[in-house]
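A.B. asks: This one is model.txt, compact mmCIF, C-alpha atoms and all ligand atoms.
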```
# COMPACT_ATOMS: atom_id res chain seq x y z
CA MET A 249 -206.48 4.22 -145.82
CA GLY A 250 -206.32 6.29 -149.03
CA THR A 251 -202.93 5.26 -150.41
CA ASP A 252 -202.47 1.80 -151.82
CA TRP A 253 -198.82 1.65 -152.79
CA VAL A 254 -195.33 2.55 -151.62
CA TRP A 255 -192.03 2.56 -153.44
CA LEU A 256 -188.75 1.74 -151.67
CA ILE A 257 -185.89 3.92 -152.88
CA PRO A 258 -182.53 2.21 -152.28
CA LEU A 259 -180.24 4.99 -151.05
CA ARG A 260 -177.12 2.99 -151.87
CA ASP A 261 -178.05 2.98 -155.56
CA LEU A 262 -178.54 6.76 -155.91
CA ASP A 263 -175.96 9.21 -157.20
CA ALA A 264 -174.72 11.90 -154.80
CA ASP A 265 -177.23 14.58 -155.88
CA ALA A 266 -180.27 12.33 -155.68
CA ARG A 267 -179.11 10.96 -152.36
CA ALA A 268 -178.65 14.47 -150.94
CA ILE A 269 -182.26 15.31 -151.85
CA GLN A 270 -183.50 12.21 -150.04
CA LEU A 271 -181.32 12.93 -147.00
CA GLY A 272 -182.85 16.40 -146.80
CA ALA A 273 -186.32 14.88 -146.75
CA ILE A 274 -185.27 12.37 -144.10
CA ALA A 275 -183.91 15.18 -141.91
CA ASP A 276 -187.42 16.67 -141.95
CA MET A 277 -189.12 13.49 -140.66
CA SER A 278 -190.52 13.32 -137.16
CA LEU A 279 -192.13 10.86 -134.75
CA LEU A 280 -195.17 11.19 -132.50
CA PRO A 281 -194.51 11.86 -128.78
CA GLY A 282 -193.33 8.69 -127.04
CA GLN A 283 -192.27 6.86 -130.20
CA GLU A 284 -188.58 7.73 -129.74
CA ARG A 285 -188.23 4.75 -127.43
CA PHE A 286 -188.99 2.38 -130.31
CA VAL A 287 -186.62 3.71 -132.99
CA GLY A 288 -183.66 6.03 -133.45
CA ASP A 289 -183.35 9.37 -135.23
CA PRO A 290 -184.11 8.74 -138.92
CA LEU A 291 -181.21 10.71 -140.40
CA ARG A 292 -178.67 9.26 -138.00
CA MET A 293 -179.89 5.72 -138.70
CA VAL A 294 -179.69 6.19 -142.45
CA LEU A 295 -176.22 7.75 -142.32
CA ALA A 296 -175.03 4.89 -140.11
CA GLY A 297 -176.53 2.49 -142.62
CA LEU A 298 -174.72 4.06 -145.56
CA ALA A 299 -171.45 3.86 -143.63
CA GLU A 300 -171.69 0.10 -143.12
CA VAL A 301 -171.54 -2.24 -146.10
CA SER A 302 -173.90 -4.83 -144.59
CA ARG A 303 -176.76 -2.32 -144.31
CA HIS A 304 -179.13 -1.22 -147.08
CA PRO A 305 -181.15 1.87 -146.13
CA TYR A 306 -184.30 2.76 -148.08
CA VAL A 307 -186.67 5.69 -148.22
CA VAL A 308 -190.35 4.76 -148.21
CA GLU A 309 -191.93 6.91 -150.89
CA SER A 310 -195.65 7.35 -151.32
CA GLY A 311 -197.47 9.72 -153.61
CA GLY A 312 -194.26 11.64 -154.34
CA ASN A 313 -193.48 12.11 -150.64
CA ALA A 314 -190.64 10.67 -148.59
CA ALA A 315 -192.92 9.08 -145.99
CA GLY A 316 -190.53 6.92 -143.98
CA VAL A 317 -187.29 4.95 -143.78
CA LEU A 318 -186.20 1.37 -143.19
CA THR A 319 -182.96 -0.59 -143.34
CA LEU A 320 -182.22 -4.18 -144.30
CA GLN A 321 -179.04 -5.63 -142.83
CA ALA A 322 -177.20 -8.87 -143.68
CA GLY A 323 -175.49 -11.05 -141.11
CA ALA A 324 -177.23 -9.49 -138.10
CA ALA A 325 -180.45 -11.47 -137.53
CA GLY A 326 -179.31 -12.39 -134.03
CA LEU A 327 -179.92 -8.77 -133.01
CA ALA A 328 -183.65 -9.55 -133.29
CA GLY A 329 -183.43 -12.75 -131.28
CA TRP A 330 -183.07 -15.04 -134.32
CA PRO A 331 -181.01 -18.17 -133.58
CA ASP A 332 -178.33 -17.34 -136.15
CA ASP A 333 -177.13 -14.23 -137.96
CA ASN A 334 -177.15 -15.27 -141.60
CA SER A 335 -180.35 -17.16 -142.45
CA ALA A 336 -182.52 -14.03 -142.45
CA TRP A 337 -182.27 -10.33 -143.26
CA LEU A 338 -182.66 -8.02 -140.26
CA LEU A 339 -185.28 -5.29 -140.75
CA ARG A 340 -184.35 -2.33 -138.55
CA GLY A 341 -184.66 1.44 -138.35
CA PHE A 342 -188.26 1.28 -139.56
CA LEU A 343 -190.52 4.31 -139.20
CA ILE A 344 -193.24 6.23 -140.95
CA ASP A 345 -193.10 10.00 -140.58
CA SER A 346 -195.71 11.27 -138.10
CA ARG A 347 -197.58 13.18 -140.82
CA HIS A 348 -198.08 9.96 -142.81
CA GLN A 349 -198.90 7.46 -140.05
CA GLY A 350 -202.24 5.69 -139.77
CA LYS A 351 -202.85 5.47 -143.54
CA GLY A 352 -201.64 1.94 -144.07
CA LEU A 353 -198.16 2.91 -145.22
CA GLY A 354 -196.41 0.99 -142.42
CA THR A 355 -198.11 -2.20 -143.52
CA LEU A 356 -197.28 -1.57 -147.18
CA ALA A 357 -193.67 -0.66 -146.40
CA ALA A 358 -193.10 -3.81 -144.33
CA THR A 359 -194.50 -5.87 -147.20
CA ALA A 360 -192.27 -4.05 -149.69
CA ALA A 361 -189.25 -4.63 -147.43
CA VAL A 362 -189.68 -8.40 -147.78
CA GLU A 363 -189.70 -8.10 -151.55
CA ALA A 364 -186.62 -5.84 -151.48
CA ALA A 365 -184.83 -8.34 -149.26
CA ARG A 366 -185.70 -11.20 -151.59
CA LYS A 367 -184.16 -9.25 -154.47
CA LEU A 368 -181.01 -8.54 -152.44
CA THR A 369 -180.67 -12.26 -151.73
CA ALA A 370 -180.93 -13.01 -155.44
CA ARG A 371 -178.46 -10.25 -156.31
CA HIS A 372 -175.92 -11.32 -153.69
CA GLN A 373 -176.59 -15.04 -154.19
CA SER A 374 -176.73 -15.34 -150.42
CA CYS A 375 -178.67 -17.78 -148.27
CA GLU A 376 -181.34 -15.79 -146.40
CA SER A 377 -184.79 -17.40 -146.36
CA GLY A 378 -186.75 -14.36 -145.15
CA VAL A 379 -186.76 -11.25 -142.99
CA VAL A 380 -186.70 -11.01 -139.19
CA LEU A 381 -187.24 -8.09 -136.82
CA SER A 382 -187.95 -7.39 -133.19
CA VAL A 383 -190.74 -5.14 -132.00
CA ASN A 384 -191.32 -3.85 -128.49
CA GLU A 385 -194.22 -5.51 -126.67
CA GLU A 386 -195.57 -2.03 -125.90
CA ASN A 387 -195.68 -1.03 -129.58
CA PRO A 388 -199.09 -2.18 -130.87
CA ALA A 389 -198.87 -0.08 -134.05
CA GLY A 390 -195.61 -1.78 -135.02
CA PHE A 391 -196.86 -5.25 -134.13
CA SER A 392 -200.06 -4.70 -136.10
CA ALA A 393 -198.31 -3.33 -139.18
CA TYR A 394 -195.88 -6.26 -139.25
CA SER A 395 -198.65 -8.81 -138.66
CA ARG A 396 -200.71 -7.40 -141.50
CA ALA A 397 -197.61 -7.60 -143.68
CA GLY A 398 -197.40 -11.34 -143.03
CA PHE A 399 -194.79 -11.41 -140.27
CA VAL A 400 -195.33 -14.16 -137.72
CA ASP A 401 -194.58 -13.83 -134.01
CA THR A 402 -191.94 -16.45 -133.18
CA GLY A 403 -191.50 -15.62 -129.51
CA ARG A 404 -190.26 -13.29 -126.84
CA TYR A 405 -186.83 -11.65 -127.02
CA LEU A 406 -185.28 -10.07 -123.96
CA GLY A 407 -182.04 -8.87 -125.56
CA GLY A 408 -183.05 -5.30 -126.35
CA SER A 409 -182.40 -2.31 -124.11
CA ALA A 410 -185.95 -0.88 -124.40
CA GLY A 411 -187.83 -3.74 -122.71
CA PRO A 412 -189.24 -7.10 -123.87
CA GLN A 413 -189.59 -7.56 -127.62
CA ARG A 414 -191.38 -9.97 -129.94
CA THR A 415 -189.29 -11.62 -132.65
CA MET A 416 -191.22 -11.67 -135.94
CA PHE A 417 -190.33 -13.46 -139.18
CA ARG A 418 -191.65 -13.56 -142.71
CA SER A 419 -190.38 -16.18 -145.11
CA PHE A 420 -189.71 -15.47 -148.79
CA ALA A 421 -191.88 -18.47 -149.56
CA GLY A 422 -195.03 -17.04 -151.09
CA ALA A 423 -193.43 -13.68 -151.98
CA ALA A 424 -193.77 -12.56 -155.60
CA PRO A 425 -191.06 -13.83 -157.99
CA ALA A 426 -188.57 -11.39 -159.58
C1 LIG B 501 -195.09 1.36 -136.52
C2 LIG B 501 -195.34 2.32 -137.68
C3 LIG B 501 -194.22 2.18 -138.69
C4 LIG B 501 -196.68 1.96 -138.33
O1 LIG B 501 -196.85 2.82 -139.43
P1 LIG B 501 -198.31 3.28 -139.92
O2 LIG B 501 -198.15 3.78 -141.31
O3 LIG B 501 -198.95 4.17 -138.95
O4 LIG B 501 -199.04 1.86 -139.93
P2 LIG B 501 -200.43 1.51 -140.58
O5 LIG B 501 -201.20 2.74 -140.96
O6 LIG B 501 -200.15 0.49 -141.64
O7 LIG B 501 -201.18 0.84 -139.36
C5 LIG B 501 -200.78 -0.39 -138.89
C6 LIG B 501 -201.63 -0.74 -137.70
O8 LIG B 501 -201.23 0.02 -136.56
C7 LIG B 501 -202.38 0.59 -135.97
N1 LIG B 501 -201.96 1.82 -135.37
C8 LIG B 501 -201.49 2.91 -135.98
N2 LIG B 501 -201.16 3.83 -135.06
C9 LIG B 501 -201.46 3.28 -133.85
C10 LIG B 501 -201.32 3.71 -132.52
N3 LIG B 501 -200.81 4.91 -132.22
N4 LIG B 501 -201.70 2.86 -131.52
C11 LIG B 501 -202.19 1.65 -131.80
N5 LIG B 501 -202.30 1.18 -133.05
C12 LIG B 501 -201.95 2.00 -134.06
C13 LIG B 501 -203.34 0.79 -137.11
O9 LIG B 501 -204.67 0.89 -136.65
C14 LIG B 501 -203.11 -0.49 -137.86
O10 LIG B 501 -203.74 -1.55 -137.18
P3 LIG B 501 -204.90 -2.38 -137.87
O11 LIG B 501 -204.34 -2.81 -139.18
O12 LIG B 501 -205.12 -3.50 -136.93
O13 LIG B 501 -206.03 -1.41 -138.01
C15 LIG B 501 -195.44 3.81 -137.18
O14 LIG B 501 -196.41 3.85 -136.17
C16 LIG B 501 -194.15 4.34 -136.66
O15 LIG B 501 -193.32 4.85 -137.42
N6 LIG B 501 -193.93 4.28 -135.33
C17 LIG B 501 -192.74 4.81 -134.71
C18 LIG B 501 -191.51 3.98 -135.01
C19 LIG B 501 -191.71 2.51 -134.71
O16 LIG B 501 -192.37 2.11 -133.75
N7 LIG B 501 -191.12 1.67 -135.57
C20 LIG B 501 -191.17 0.23 -135.44
C21 LIG B 501 -190.01 -0.22 -134.61
S1 LIG B 501 -189.95 -2.00 -134.54
```
Spit out the file's structure as structure tokens when you get a sec.

C.D. replies:
Amino acid sequence: MGTDWVWLIPLRDLDADARAIQLGAIADMSLLPGQERFVGDPLRMVLAGLAEVSRHPYVVESGGNAAGVLTLQAGAAGLAGWPDDNSAWLLRGFLIDSRHQGKGLGTLAATAAVEAARKLTARHQSCESGVVLSVNEENPAGFSAYSRAGFVDTGRYLGGSAGPQRTMFRSFAGAAPA
């Protein structure tokens, strides 16, 4: 594994100069062949996230490197097959840059995303009880990273355009307090 921590940088909270530096690093990220079917282009996803008030895009930083991106979105849990939109944060647009995959960072970033979501709930005084996502059934790396981060498979979801998905949820119960 090698690296034992990640830091989530909230792009919404950065000033314009700091954000531009992060966007440059995101533009340089890449996927491994075949992974494009599981996630969109990182820069486009982050820019779309910044343009929509419900979305909170983050850079996954590790060892001084921008190693990945993820977005937390409010009011959209149904997009992952959750029965309602508002009782969970949606984790979407999650990737680790190809040069940093396979070192445990995906697992650490998914864990950190739950903590970031818990803090957003406290800050917004909203009602989410955890984080939900959907992962393609043909994406074992994603499923494994989420499972190791404490996400539980809650069933099959057929709503996506890229084939059958698993809906996965992790409750805030048991997450570290603020
Ligand atoms: C999914 C992803 C974020 C995982 O990131 P990562 O940093 O490589 O993950 P980790 O190093 O924490 O490894 C997590 C698990 O995936 C496994 N794994 C990693 N690459 C794999 C691969 N190509 N095939 C199968 N399993 C793989 C690891 O062995 C590990 O499993 P284990 O804990 O049972 O040993 C990364 O592969 C990625 O960005 N993929 C493309 C985008 C994507 O699929 N995003 C998720 C959309 S829901």

A.B. asks: With ligand LIG 501 (chain B) as the partner and 7 Å as the cut-off, tabulate the residues of chain A that qualify, each row holding the nearest pair of atoms and their distance in Å to one decimal, using only C-alpha atoms and all ligand atoms, sorted by chain and rising number, as CSV.

C.D. replies:
```
residue,atom,partner,partner_atom,distance
A:Leu279,CA,B:LIG501,C17,6.1
A:Gln283,CA,B:LIG501,C17,5.0
A:Phe286,CA,B:LIG501,O16,4.8
A:Val287,CA,B:LIG501,C18,5.3
A:Arg340,CA,B:LIG501,S1,6.9
A:Gly341,CA,B:LIG501,C21,6.7
A:Phe342,CA,B:LIG501,N7,4.9
A:Leu343,CA,B:LIG501,O15,3.4
A:Ile344,CA,B:LIG501,O15,3.8
A:Asp345,CA,B:LIG501,O15,6.0
A:Ser346,CA,B:LIG501,O15,6.9
A:His348,CA,B:LIG501,O2,6.4
A:Gln349,CA,B:LIG501,O3,3.5
A:Gly350,CA,B:LIG501,O5,3.3
A:Lys351,CA,B:LIG501,O5,4.1
A:Gly352,CA,B:LIG501,O6,3.2
A:Leu353,CA,B:LIG501,O2,4.0
A:Gly354,CA,B:LIG501,O2,3.5
A:Thr355,CA,B:LIG501,O6,3.9
A:Leu356,CA,B:LIG501,O6,6.6
A:Ser382,CA,B:LIG501,S1,5.9
A:Val383,CA,B:LIG501,S1,4.1
A:Asn384,CA,B:LIG501,S1,6.5
A:Asn387,CA,B:LIG501,O16,6.2
A:Pro388,CA,B:LIG501,C11,5.0
A:Ala389,CA,B:LIG501,O8,3.4
A:Gly390,CA,B:LIG501,C1,3.5
A:Ser392,CA,B:LIG501,C6,4.6
A:Ala393,CA,B:LIG501,C5,3.9
A:Arg396,CA,B:LIG501,O11,6.3
```

A.B. asks: Can you measure atom CA of Gly403 of chain A to atom CA of Thr415 of chain A for me? One decimal in Å is fine.

C.D. replies: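 Separation between atom CA of Gly403 of chain A and atom CA of Thr415 of chain A: 5.5 Å.
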
A.B. asks: Find the distance between atom CA of Asp263 of chain A and atom CA of Leu298 of chain A and write it in Å to one decimal.

C.D. replies: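 We find that atom CA of Asp263 of chain A and atom CA of Leu298 of chain A lie 12.8 Å from each other.
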
A.B. asks: Suppose you want the space between atom CA of Ala275 of chain A and atom CA of Gly288 of chain A; what is it in Å?

C.D. replies: 12.5 Å

A.B. asks: In the coordinate frame of the file, compute which residues have an atom within 7 Å of (-182.1, 5.2, -145.2) when using only C-alpha atoms, and state them as a list of chain:residue names.

C.D. replies: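 Final list of nearby residues, as requested, is A:Leu259, A:Met293, A:Val294, A:Gly297, A:Pro305, A:Tyr306, A:Val307, A:Val317, A:Leu318, A:Thr319.
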
A.B. asks: I'd like to know which of A:His304, A:Gly407, A:Ala296, A:Asp289 is closest to Leu262 of chain A, using only C-alpha atoms.

C.D. replies: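 Closest candidate: A:His304.
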
A.B. asks: Could you check which of A:Ser395, A:Met277, A:Val400, A:Arg260 is closest to Ala299 of chain A, using all atoms listed in the file?

C.D. replies: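 Of all the options, A:Arg260 lies closest to Ala299 of chain A.
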
A.B. asks: Within 9 Å of Val254 of chain A, counting all atoms listed in the file, which residues qualify if same-chain residues fewer than 6 places away don't, as an MDAnalysis selection string?

C.D. replies: chainID A and resid 308:311 315 353 356:357 360

A.B. asks: Restricting the calculation to all atoms listed in the file: of A:Arg371, A:Arg285, A:Arg414, A:Arg303, which residue gets closest to Ala324 of chain A?

C.D. replies: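 Selected residue with least distance to Ala324 of chain A: A:Arg303.
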
A.B. asks: May I have a table of the residues of segment 280-340 of chain A lying at most 10 Å from segment 374-378 of chain A, giving each one's closest pair of atoms and their distance in Å to one decimal, counting all atoms listed in the file, ordered by chain and ascending residue number, as CSV?

C.D. replies:
```
residue,atom,partner,partner_atom,distance
A:Ala322,CA,A:Glu376,CA,8.5
A:Gly323,CA,A:Glu376,CA,9.2
A:Ala325,CA,A:Glu376,CA,9.9
A:Asp333,CA,A:Glu376,CA,9.6
A:Asn334,CA,A:Glu376,CA,6.4
A:Ser335,CA,A:Glu376,CA,4.3
A:Ala336,CA,A:Glu376,CA,4.5
A:Trp337,CA,A:Gly378,CA,6.3
A:Leu338,CA,A:Gly378,CA,9.0
```
